[in-house]
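As stored in final-v2.txt (compact mmCIF, C-alpha atoms and all ligand atoms):
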# COMPACT_ATOMS: atom_id res chain seq x y z
CA MET A 1 0.14 -22.10 30.93
CA ALA A 2 2.58 -19.19 31.29
CA ASP A 3 5.12 -20.47 28.79
CA PRO A 4 6.83 -17.40 27.29
CA SER A 5 8.16 -19.03 24.10
CA LEU A 6 4.78 -20.59 23.34
CA ASN A 7 2.90 -17.35 24.04
CA ALA A 8 5.33 -15.44 21.84
CA LEU A 9 4.81 -17.93 19.03
CA VAL A 10 1.01 -17.73 19.25
CA ASP A 11 1.18 -13.90 19.29
CA ALA A 12 3.48 -13.86 16.26
CA LEU A 13 1.26 -16.26 14.30
CA ARG A 14 -1.73 -14.00 14.99
CA ARG A 15 -0.09 -11.28 12.89
CA LEU A 16 -0.75 -13.41 9.81
CA PRO A 17 -3.87 -12.22 7.96
CA GLY A 18 -6.97 -14.29 8.75
CA VAL A 19 -5.40 -15.99 11.77
CA GLY A 20 -7.15 -15.53 15.12
CA VAL A 21 -6.07 -16.75 18.53
CA LYS A 22 -7.66 -20.19 18.06
CA SER A 23 -5.99 -20.97 14.75
CA ALA A 24 -2.71 -19.48 15.99
CA SER A 25 -2.76 -21.90 18.94
CA ARG A 26 -3.63 -24.80 16.67
CA MET A 27 -0.75 -23.86 14.34
CA ALA A 28 1.71 -23.53 17.22
CA TYR A 29 0.71 -26.89 18.72
CA HIS A 30 0.86 -28.56 15.33
CA LEU A 31 4.34 -27.26 14.58
CA LEU A 32 5.70 -28.15 18.03
CA GLN A 33 4.05 -31.55 18.13
CA HIS A 34 4.28 -32.76 14.56
CA ASP A 35 6.43 -30.52 12.38
CA ARG A 36 9.41 -28.89 14.05
CA GLU A 37 11.28 -29.18 10.77
CA GLY A 38 8.47 -27.16 9.13
CA ALA A 39 8.76 -24.54 11.87
CA GLN A 40 12.46 -24.15 11.25
CA LEU A 41 11.96 -24.03 7.48
CA LEU A 42 9.35 -21.32 7.93
CA ALA A 43 11.66 -19.31 10.19
CA GLN A 44 14.44 -19.49 7.59
CA ALA A 45 12.10 -18.65 4.72
CA LEU A 46 10.81 -15.60 6.61
CA MET A 47 14.31 -14.33 7.39
CA GLN A 48 15.49 -14.91 3.84
CA ALA A 49 12.42 -13.33 2.23
CA THR A 50 12.51 -10.21 4.40
CA ALA A 51 16.25 -9.84 3.81
CA ARG A 52 16.18 -10.39 0.05
CA ILE A 53 12.83 -9.36 -1.34
CA ARG A 54 12.18 -5.77 -2.26
CA GLN A 55 9.98 -4.05 -4.84
CA CYS A 56 11.04 -3.62 -8.46
CA SER A 57 11.97 0.02 -9.01
CA LEU A 58 10.06 0.04 -12.31
CA CYS A 59 6.88 -2.02 -11.74
CA HIS A 60 6.68 -2.35 -7.93
CA THR A 61 6.33 -6.14 -7.92
CA PHE A 62 8.32 -8.21 -5.44
CA THR A 63 11.77 -9.15 -6.66
CA GLU A 64 15.20 -10.00 -5.31
CA GLU A 65 16.82 -7.52 -7.66
CA GLU A 66 16.71 -3.76 -8.34
CA VAL A 67 14.68 -4.39 -11.52
CA CYS A 68 12.57 -7.55 -11.85
CA PRO A 69 13.10 -10.14 -14.64
CA THR A 70 9.88 -9.09 -16.42
CA CYS A 71 10.94 -5.43 -16.61
CA ARG A 72 14.43 -6.47 -17.77
CA ASP A 73 13.22 -8.87 -20.46
CA PRO A 74 14.01 -7.26 -23.86
CA GLN A 75 11.53 -9.61 -25.57
CA ARG A 76 8.60 -7.90 -23.88
CA ASP A 77 6.65 -5.20 -25.67
CA ALA A 78 7.49 -1.88 -23.98
CA SER A 79 4.59 -0.13 -25.72
CA LYS A 80 2.00 -1.92 -23.55
CA LEU A 81 1.69 -1.53 -19.78
CA CYS A 82 -0.78 -3.69 -17.86
CA VAL A 83 -1.88 -2.44 -14.43
CA VAL A 84 -2.76 -5.15 -11.89
CA GLU A 85 -3.53 -5.08 -8.18
CA THR A 86 -1.20 -7.84 -6.97
CA PRO A 87 1.65 -10.13 -8.05
CA ALA A 88 -0.92 -12.97 -7.90
CA ASP A 89 -3.04 -11.18 -10.52
CA GLN A 90 0.08 -10.67 -12.63
CA ALA A 91 0.83 -14.40 -12.34
CA ALA A 92 -2.72 -15.21 -13.47
CA LEU A 93 -2.28 -13.06 -16.58
CA GLU A 94 1.14 -14.58 -17.29
CA ARG A 95 -0.35 -18.08 -17.13
CA THR A 96 -2.62 -17.19 -20.07
CA ALA A 97 0.47 -16.54 -22.24
CA ALA A 98 -1.82 -14.06 -24.04
CA TYR A 99 0.08 -10.92 -23.02
CA ARG A 100 3.68 -10.06 -23.81
CA GLY A 101 3.80 -6.45 -22.65
CA ARG A 102 5.00 -4.99 -19.36
CA TYR A 103 3.30 -4.58 -15.99
CA PHE A 104 2.75 -2.17 -13.17
CA VAL A 105 1.71 -3.80 -9.90
CA LEU A 106 -0.26 -1.50 -7.58
CA MET A 107 0.30 -3.80 -4.58
CA GLY A 108 -3.22 -2.93 -3.50
CA LYS A 109 -6.19 -0.88 -4.63
CA LEU A 110 -7.70 2.46 -3.74
CA SER A 111 -9.75 1.99 -0.61
CA PRO A 112 -10.59 5.30 1.09
CA LEU A 113 -12.39 3.53 3.95
CA ASP A 114 -9.15 1.70 4.81
CA GLY A 115 -7.12 4.87 4.34
CA ILE A 116 -5.45 3.56 1.17
CA GLY A 117 -4.95 6.50 -1.17
CA PRO A 118 -3.10 7.16 -4.45
CA GLN A 119 0.35 7.34 -2.85
CA ASP A 120 -0.10 3.95 -1.15
CA ILE A 121 -0.52 2.20 -4.50
CA GLY A 122 2.30 4.09 -6.20
CA LEU A 123 0.22 6.12 -8.66
CA GLY A 124 2.96 8.76 -8.96
CA LYS A 125 5.41 6.07 -10.08
CA LEU A 126 2.80 4.56 -12.40
CA PHE A 127 2.14 7.88 -14.14
CA GLN A 128 5.89 8.42 -14.51
CA ARG A 129 6.29 4.95 -16.03
CA ALA A 130 3.27 5.35 -18.32
CA THR A 131 4.65 8.63 -19.71
CA ASP A 132 8.19 7.33 -20.35
CA GLY A 133 7.70 7.82 -24.09
CA LEU A 134 7.68 4.07 -24.79
CA VAL A 135 4.25 3.16 -23.40
CA GLN A 136 1.43 3.70 -25.89
CA GLU A 137 -1.38 1.71 -24.29
CA VAL A 138 -2.21 1.13 -20.64
CA ILE A 139 -4.39 -1.93 -19.99
CA LEU A 140 -6.31 -1.70 -16.73
CA ALA A 141 -6.55 -5.20 -15.25
CA THR A 142 -7.61 -4.41 -11.71
CA ASN A 143 -10.24 -6.73 -10.29
CA PHE A 144 -13.89 -6.43 -11.26
CA THR A 145 -14.90 -5.56 -7.71
CA ALA A 146 -16.25 -2.22 -6.53
CA GLU A 147 -12.81 -1.10 -5.32
CA GLY A 148 -11.01 -2.53 -8.36
CA GLU A 149 -13.41 -0.73 -10.72
CA ALA A 150 -13.02 2.55 -8.79
CA THR A 151 -9.24 2.20 -8.93
CA ALA A 152 -9.36 1.52 -12.68
CA HIS A 153 -11.61 4.57 -13.15
CA VAL A 154 -9.26 6.93 -11.27
CA ILE A 155 -6.16 5.66 -13.07
CA GLY A 156 -7.89 5.64 -16.46
CA GLU A 157 -9.08 9.24 -16.16
CA ALA A 158 -5.64 10.47 -15.08
CA LEU A 159 -3.88 8.67 -17.92
CA LYS A 160 -6.36 9.81 -20.57
CA GLN A 161 -5.66 13.40 -19.47
CA ARG A 162 -1.99 12.67 -20.17
CA GLY A 163 -2.96 11.66 -23.71
CA LEU A 164 -2.50 7.90 -23.35
CA LYS A 165 -4.65 5.16 -24.84
CA VAL A 166 -6.34 3.38 -21.94
CA THR A 167 -8.18 0.05 -22.21
CA ARG A 168 -9.85 -2.24 -19.69
CA LEU A 169 -10.09 -6.04 -19.69
CA ALA A 170 -13.41 -7.04 -21.25
CA ARG A 171 -16.20 -8.04 -18.91
CA GLY A 172 -18.11 -11.00 -20.26
CA VAL A 173 -19.25 -14.57 -20.13
CA PRO A 174 -16.54 -16.94 -18.82
CA ALA A 175 -15.22 -19.35 -21.45
CA GLY A 176 -17.00 -22.70 -21.28
CA SER A 177 -20.08 -21.45 -19.47
CA GLU A 178 -23.69 -21.95 -20.49
CA LEU A 179 -25.66 -18.70 -20.55
CA GLU A 180 -28.45 -20.28 -18.53
CA TYR A 181 -26.14 -20.50 -15.54
CA VAL A 182 -24.38 -17.14 -15.88
CA ASP A 183 -25.52 -14.33 -13.57
CA LEU A 184 -27.54 -11.51 -15.09
CA GLY A 185 -24.99 -8.76 -14.40
CA THR A 186 -22.32 -10.68 -16.30
CA ILE A 187 -24.62 -11.21 -19.29
CA ALA A 188 -25.58 -7.54 -19.28
CA HIS A 189 -21.89 -6.54 -19.28
CA ALA A 190 -21.15 -9.02 -22.06
CA LEU A 191 -23.90 -7.38 -24.13
CA VAL A 192 -22.48 -3.90 -23.55
CA ASP A 193 -18.91 -5.03 -24.31
CA ARG A 194 -19.98 -7.14 -27.30
CA ARG A 195 -17.49 -7.22 -30.15
CA MET B 1 7.29 -15.02 -11.17
CA ALA B 2 10.27 -17.31 -10.47
CA ASP B 3 11.37 -15.61 -7.27
CA PRO B 4 13.05 -18.29 -5.14
CA SER B 5 12.75 -16.55 -1.75
CA LEU B 6 9.08 -15.80 -2.32
CA ASN B 7 8.33 -19.35 -3.51
CA ALA B 8 10.17 -20.77 -0.50
CA LEU B 9 8.13 -18.56 1.84
CA VAL B 10 4.81 -19.59 0.27
CA ASP B 11 5.81 -23.27 0.46
CA ALA B 12 6.83 -22.95 4.11
CA LEU B 13 3.58 -21.18 5.04
CA ARG B 14 1.61 -24.01 3.40
CA ARG B 15 2.93 -26.38 6.06
CA LEU B 16 0.75 -24.58 8.62
CA PRO B 17 -2.48 -26.51 9.27
CA GLY B 18 -5.45 -25.13 7.34
CA VAL B 19 -3.30 -23.01 5.00
CA GLY B 20 -3.59 -23.72 1.26
CA VAL B 21 -1.65 -22.13 -1.56
CA LYS B 22 -4.03 -19.15 -1.84
CA SER B 23 -3.87 -18.16 1.82
CA ALA B 24 -0.13 -18.85 1.91
CA SER B 25 0.37 -16.37 -0.97
CA ARG B 26 -1.89 -13.84 0.73
CA MET B 27 0.09 -14.20 3.97
CA ALA B 28 3.44 -13.87 2.18
CA TYR B 29 2.34 -10.76 0.28
CA HIS B 30 0.89 -9.23 3.43
CA LEU B 31 4.07 -9.77 5.44
CA LEU B 32 6.34 -8.47 2.67
CA GLN B 33 4.14 -5.52 1.84
CA HIS B 34 2.79 -4.41 5.21
CA ASP B 35 4.45 -6.22 8.11
CA ARG B 36 8.11 -7.08 7.69
CA GLU B 37 8.56 -6.52 11.40
CA GLY B 38 5.88 -9.17 12.00
CA ALA B 39 7.68 -11.56 9.64
CA GLN B 40 10.91 -11.14 11.60
CA LEU B 41 9.13 -11.52 14.93
CA LEU B 42 7.51 -14.72 13.67
CA ALA B 43 10.86 -16.08 12.48
CA GLN B 44 12.40 -15.41 15.89
CA ALA B 45 9.42 -16.86 17.76
CA LEU B 46 9.60 -20.04 15.66
CA MET B 47 13.34 -20.47 16.25
CA GLN B 48 13.00 -19.80 19.96
CA ALA B 49 9.98 -22.07 20.43
CA THR B 50 11.53 -25.01 18.56
CA ALA B 51 14.79 -24.57 20.45
CA ARG B 52 13.26 -24.21 23.91
CA ILE B 53 9.93 -25.99 24.06
CA ARG B 54 9.81 -29.68 24.82
CA GLN B 55 7.26 -31.93 26.52
CA CYS B 56 7.05 -32.26 30.31
CA SER B 57 8.48 -35.63 31.32
CA LEU B 58 5.59 -36.18 33.71
CA CYS B 59 2.45 -34.87 31.99
CA HIS B 60 3.54 -34.46 28.33
CA THR B 61 2.38 -30.83 28.03
CA PHE B 62 4.63 -28.28 26.32
CA THR B 63 7.12 -26.64 28.64
CA GLU B 64 10.53 -25.01 28.57
CA GLU B 65 11.73 -27.16 31.45
CA GLU B 66 12.20 -30.85 32.20
CA VAL B 67 9.10 -30.80 34.42
CA CYS B 68 6.35 -28.23 33.85
CA PRO B 69 5.27 -25.67 36.51
CA THR B 70 1.95 -27.48 37.09
CA CYS B 71 3.65 -30.81 37.81
CA ARG B 72 6.19 -29.07 40.07
CA ASP B 73 3.61 -27.09 42.06
CA PRO B 74 3.49 -28.59 45.59
CA GLN B 75 0.12 -26.92 46.19
CA ARG B 76 -1.59 -29.18 43.66
CA ASP B 77 -3.40 -32.31 44.77
CA ALA B 78 -1.32 -35.30 43.64
CA SER B 79 -4.19 -37.71 44.32
CA LYS B 80 -6.16 -36.46 41.31
CA LEU B 81 -5.03 -36.78 37.70
CA CYS B 82 -7.06 -35.16 34.94
CA VAL B 83 -6.57 -36.50 31.38
CA VAL B 84 -7.06 -33.98 28.58
CA GLU B 85 -6.42 -34.07 24.84
CA THR B 86 -4.49 -30.83 24.40
CA PRO B 87 -2.78 -28.00 26.30
CA ALA B 88 -5.70 -25.80 25.12
CA ASP B 89 -8.16 -28.11 26.91
CA GLN B 90 -5.96 -27.99 30.02
CA ALA B 91 -5.98 -24.19 29.83
CA ALA B 92 -9.80 -24.20 29.60
CA LEU B 93 -10.03 -26.33 32.77
CA GLU B 94 -7.51 -24.10 34.54
CA ARG B 95 -9.57 -21.02 33.71
CA THR B 96 -12.47 -22.47 35.70
CA ALA B 97 -10.29 -22.51 38.86
CA ALA B 98 -12.47 -25.50 39.86
CA TYR B 99 -9.70 -28.11 39.70
CA ARG B 100 -6.51 -28.17 41.74
CA GLY B 101 -5.20 -31.64 40.89
CA ARG B 102 -2.62 -32.66 38.30
CA TYR B 103 -2.88 -33.32 34.57
CA PHE B 104 -1.85 -35.68 31.85
CA VAL B 105 -1.99 -34.21 28.34
CA LEU B 106 -2.46 -36.81 25.60
CA MET B 107 -1.39 -34.36 22.88
CA GLY B 108 -4.01 -35.94 20.68
CA LYS B 109 -6.66 -38.63 20.79
CA LEU B 110 -6.97 -42.21 19.59
CA SER B 111 -7.81 -42.11 15.91
CA PRO B 112 -7.25 -45.47 14.19
CA LEU B 113 -8.25 -44.05 10.80
CA ASP B 114 -5.41 -41.51 11.04
CA GLY B 115 -3.03 -44.15 12.35
CA ILE B 116 -2.93 -42.62 15.84
CA GLY B 117 -2.64 -45.44 18.35
CA PRO B 118 -1.99 -45.77 22.11
CA GLN B 119 1.74 -45.14 21.85
CA ASP B 120 1.18 -41.87 19.93
CA ILE B 121 -0.78 -40.36 22.82
CA GLY B 122 1.59 -41.66 25.51
CA LEU B 123 -0.72 -44.18 27.16
CA GLY B 124 2.24 -46.15 28.56
CA LYS B 125 3.48 -43.02 30.32
CA LEU B 126 -0.05 -42.21 31.50
CA PHE B 127 -0.54 -45.67 33.04
CA GLN B 128 2.86 -45.36 34.74
CA ARG B 129 1.93 -41.94 36.14
CA ALA B 130 -1.54 -43.09 37.24
CA THR B 131 -0.07 -46.02 39.17
CA ASP B 132 2.63 -43.99 40.95
CA GLY B 133 0.96 -44.70 44.30
CA LEU B 134 -0.12 -41.07 44.77
CA VAL B 135 -2.93 -40.90 42.21
CA GLN B 136 -6.27 -42.14 43.57
CA GLU B 137 -8.69 -40.78 40.98
CA VAL B 138 -8.29 -40.27 37.25
CA ILE B 139 -10.72 -37.76 35.73
CA LEU B 140 -11.25 -38.29 32.01
CA ALA B 141 -11.71 -34.88 30.40
CA THR B 142 -11.24 -35.77 26.73
CA ASN B 143 -13.64 -34.05 24.37
CA PHE B 144 -17.24 -35.20 23.99
CA THR B 145 -16.69 -36.14 20.37
CA ALA B 146 -16.77 -39.67 18.96
CA GLU B 147 -12.96 -39.95 19.08
CA GLY B 148 -12.72 -38.25 22.49
CA GLU B 149 -15.34 -40.62 23.92
CA ALA B 150 -13.60 -43.66 22.44
CA THR B 151 -10.26 -42.48 23.87
CA ALA B 152 -11.87 -41.99 27.31
CA HIS B 153 -13.39 -45.46 27.11
CA VAL B 154 -10.09 -47.18 26.28
CA ILE B 155 -8.18 -45.30 29.00
CA GLY B 156 -10.96 -45.80 31.54
CA GLU B 157 -11.15 -49.57 31.04
CA ALA B 158 -7.36 -49.95 31.29
CA LEU B 159 -7.17 -47.90 34.49
CA LYS B 160 -10.12 -49.66 36.15
CA GLN B 161 -8.31 -52.96 35.54
CA ARG B 162 -5.39 -51.45 37.47
CA GLY B 163 -7.74 -50.81 40.40
CA LEU B 164 -8.01 -47.03 40.01
CA LYS B 165 -11.09 -44.89 40.51
CA VAL B 166 -12.00 -43.44 37.12
CA THR B 167 -14.49 -40.60 36.55
CA ARG B 168 -15.63 -38.67 33.50
CA LEU B 169 -16.68 -35.02 33.22
CA ALA B 170 -20.48 -34.84 33.45
CA ARG B 171 -22.42 -34.41 30.24
CA GLY B 172 -25.28 -32.00 30.69
CA VAL B 173 -27.03 -28.75 30.00
CA PRO B 174 -24.62 -25.81 29.65
CA ALA B 175 -24.89 -23.27 32.48
CA GLY B 176 -27.15 -20.36 31.53
CA SER B 177 -29.03 -22.19 28.78
CA GLU B 178 -32.78 -22.52 28.41
CA LEU B 179 -33.91 -26.11 27.91
CA GLU B 180 -36.04 -25.08 24.94
CA TYR B 181 -32.90 -24.26 22.96
CA VAL B 182 -30.71 -27.18 24.06
CA ASP B 183 -30.33 -30.06 21.63
CA LEU B 184 -32.10 -33.31 22.43
CA GLY B 185 -28.97 -35.42 22.82
CA THR B 186 -27.63 -33.06 25.46
CA ILE B 187 -30.91 -33.14 27.41
CA ALA B 188 -31.00 -36.94 27.21
CA HIS B 189 -27.45 -37.11 28.56
CA ALA B 190 -28.30 -34.65 31.34
CA LEU B 191 -31.18 -36.92 32.33
CA VAL B 192 -28.94 -40.00 32.44
CA ASP B 193 -26.23 -38.18 34.39
CA ARG B 194 -28.71 -36.46 36.72
CA ARG B 195 -27.49 -35.97 40.28
ZN ZN C 201 9.54 -4.86 -12.58
ZN ZN C 202 3.91 -31.53 33.58
In structure tokens, what does this structure look like?
Ligand SMILES: [Zn+2]
Ligand SMILES: [Zn+2]
Amino acid sequence: MADPSLNALVDALRRLPGVGVKSASRMAYHLLQHDREGAQLLAQALMQATARIRQCSLCHTFTEEEVCPTCRDPQRDASKLCVVETPADQAALERTAAYRGRYFVLMGKLSPLDGIGPQDIGLGKLFQRATDGLVQEVILATNFTAEGEATAHVIGEALKQRGLKVTRLARGVPAGSELEYVDLGTIAHALVDRR
Amino acid sequence: MADPSLNALVDALRRLPGVGVKSASRMAYHLLQHDREGAQLLAQALMQATARIRQCSLCHTFTEEEVCPTCRDPQRDASKLCVVETPADQAALERTAAYRGRYFVLMGKLSPLDGIGPQDIGLGKLFQRATDGLVQEVILATNFTAEGEATAHVIGEALKQRGLKVTRLARGVPAGSELEYVDLGTIAHALVDRR
């Protein structure tokens, strides 16, 4: 089975997160057997994305330009800056259409065990952006996980010291849920954060 | 979030088997954020594999040549032909070093519900190969699943009608297992196939 092109393809697929040697082989066989067009499309998309996509110099999200469309949009409220972990989280917030301010995308979260510290999530750049004189409120929208909460805490403390208003997304009962089926921790948080 | 290169990459990754929109996004972000070298390697591996890899004209496995190394190897016993579903199954048999005959790789299995019929797994080519005058025994090594068993049955009946000796891998108790922990169906099969 010493087929160098096939081995190279399986090895390359294994670099994708969550893909082990078994799924990499299955993917390689599938592409070669049933979807060579898909394989070529993927190759082109990878080349194009790595050549064109960089990070916005203002908010760190992925963009094909020096400054992303959201940061350039004059309609957006420059007095509010929402801090999220990933572009996917930013997209989730955008889908709500409930926020018209600006963003800073950490592209990760503090995770000392994985060696991810303040510089890896661009905190220097965030503090610079937050103190540009336009931002008046920073909304921490990191995930409600242990690492997301810790990240929000660190950022919040640092920004409060710089005299900024810092808020956090409310924890609470998901819209449409019946209390009977909501976990206790969520109800407890909803009580604490009650309006 | 209308970033055409990023959207194209996520769409292309979704063509991989078992990859939905969430994992495709996670993969795209990972490659762009942490492993651009891996993205470029994968693009090259895909281009090279689709350009170079075809199916062996004798056994249907993937190879970079007209006839694969296994089919070309004069040391291998041409009187035995082992039928497997996939190159991965062939590799598993090769690792045992217990078989020195030749192979035919179906590149699938009969699956009427998925519209996979005899022509899709190359049965015409298999029957031609099995009746080349050299092959004396065909060993059916399809998987011991419902579809693998059905495939073995169809192939076995057709080859017996052509006067060939047809055998099937033995079902039985895995080496190293204690009977107490082996499932009943396996023990029943081991009784039927006892030597
Ligand atoms: Zn931006
Ligand atoms: Zn071959």
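Picture a line from CA of Leu191 in chain A to CA of Ser177 in chain A; it runs 15.3 Å.
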task = Measure the distance from CA of Gly122 in chain A to CA of Arg72 in chain A in Å and round it to one decimal.
result = 19.8 Å
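Across the model, the gap from CA of Leu46 in chain A to CA of Ala24 in chain B is 12.3 Å.
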Cut-off 9 Å, all atoms listed in the file, neighbours of ligand ZN 201 (chain C) as a PyMOL selection string = chain A and resi 55-63+66-72+102-105
Residue hits in chain A, query chain B, radius 8 Å, only C-alpha atoms, as a ChimeraX atom specification = /A:1,3,5-6,8-9,12-13,15-17,25-27,30-33,36,38-50,52-53,63-64,88,91,107
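With all atoms listed in the file as the basis for measurement, B:Lys109 is the residue among B:Lys109, B:Arg95, B:Arg194, B:Arg129 that approaches Thr151 in chain B most closely.
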message = So that I can see what lies close to range 134-150 of chain A, please list as a PyMOL selection string the residues with an atom at most 8 Å from it, counting only C-alpha atoms and leaving out residues fewer than 4 positions away in the same chain.
response = chain A and resi 78-85+109-111+129-130+154+156+164-169
query = With distances taken over all atoms listed in the file, which of B:Lys125, B:His189, B:His153, B:Arg162 is nearest to ligand ZN 202 (chain C)?
reply = B:Lys125
Write out as AutoDock Vina command-line options an axis-aligned box for range 3-16 of chain A: all of its atoms listed in the file, 6 Å added on each side, centre and edge lengths in Å with one decimal.
--center_x 3.2 --center_y -15.9 --center_z 19.3 --size_x 21.9 --size_y 21.3 --size_z 31.0
